[in-house]
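Encoded as structure tokens, the structure appears first; notes follow it.
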Amino acid sequence: MYYIVAMATTIQVSEKLVKALKNRKMYDKESYEDIIWDLIEDTMELSEETKKRIKLAEKDVKAGKVYSHEQIKKKLGL
């Protein structure tokens with residue numbers, strides 16, 4: 001068993017879970033807390049404001065009100 005100390009709390013996890021958490025690290029110094037928050041975030045419901053903004057953005061895309069990276073580079077002469 002492994003123990004993960006997080007602030008004032010220590011949790012006990014299996015070696016298998018520690019390996020799984022290590023495999024999810026995007027960079028060496030990423031904390032286990034960051035990894036766990038990312039996992040929790042993936043299961044959270046989007047707020048109504050976020051859903052509204054997504055719908056508006058989708059409408060902008062359909063209306064051609066957005067530009068690709070390549071279009072912007074061309075327009076700026078890059």
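Following the order of the structure tokens, chains are lettered A, B, ..., residues in each are numbered from 1, and ligands are numbered from 1.
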
Requested in this report: Write down as a PyMOL selection string the residues of chain A whose backbone DSSP state falls under strand (DSSP E).
Outcome: chain A and resi 2-6+9-13

Let's have the selection written as a PDB file, in the first residue's frame, with N, CA and C atoms.
ATOM      1  N   TYR A   2       0.342   2.283  -0.614  1.00  0.00           N
ATOM      2  CA  TYR A   2       0.989   3.577  -0.653  1.00  0.00           C
ATOM      3  C   TYR A   2       0.116   4.562   0.097  1.00  0.00           C
ATOM      4  N   TYR A   3       0.755   5.586   0.593  1.00  0.00           N
ATOM      5  CA  TYR A   3       0.023   6.644   1.261  1.00  0.00           C
ATOM      6  C   TYR A   3       0.289   7.936   0.514  1.00  0.00           C
ATOM      7  N   ILE A   4      -0.755   8.638   0.189  1.00  0.00           N
ATOM      8  CA  ILE A   4      -0.631   9.931  -0.474  1.00  0.00           C
ATOM      9  C   ILE A   4      -1.031  10.985   0.546  1.00  0.00           C
ATOM     10  N   VAL A   5      -0.107  11.895   0.833  1.00  0.00           N
ATOM     11  CA  VAL A   5      -0.378  12.959   1.787  1.00  0.00           C
ATOM     12  C   VAL A   5      -0.808  14.184   0.996  1.00  0.00           C
ATOM     13  N   ALA A   6      -2.000  14.664   1.282  1.00  0.00           N
ATOM     14  CA  ALA A   6      -2.535  15.827   0.594  1.00  0.00           C
ATOM     15  C   ALA A   6      -2.974  16.837   1.640  1.00  0.00           C
ATOM     16  N   THR A   9      -4.545  15.726   4.928  1.00  0.00           N
ATOM     17  CA  THR A   9      -5.181  14.412   4.831  1.00  0.00           C
ATOM     18  C   THR A   9      -4.242  13.429   4.160  1.00  0.00           C
ATOM     19  N   THR A  10      -4.212  12.224   4.668  1.00  0.00           N
ATOM     20  CA  THR A  10      -3.447  11.152   4.059  1.00  0.00           C
ATOM     21  C   THR A  10      -4.432  10.092   3.595  1.00  0.00           C
ATOM     22  N   ILE A  11      -4.273   9.628   2.363  1.00  0.00           N
ATOM     23  CA  ILE A  11      -5.136   8.563   1.878  1.00  0.00           C
ATOM     24  C   ILE A  11      -4.295   7.350   1.530  1.00  0.00           C
ATOM     25  N   GLN A  12      -4.870   6.177   1.705  1.00  0.00           N
ATOM     26  CA  GLN A  12      -4.183   4.931   1.406  1.00  0.00           C
ATOM     27  C   GLN A  12      -4.666   4.432   0.056  1.00  0.00           C
ATOM     28  N   VAL A  13      -3.726   4.151  -0.838  1.00  0.00           N
ATOM     29  CA  VAL A  13      -4.072   3.652  -2.168  1.00  0.00           C
ATOM     30  C   VAL A  13      -3.181   2.465  -2.506  1.00  0.00           C
TER      31      VAL A  13
END

Report task. Within chain A, find each residue whose DSSP state, derived from the backbone, is helix (DSSP H, G or I), and express the selection as a PyMOL selection string. Result -> chain A and resi 15-23+32-43+48-62+69-76
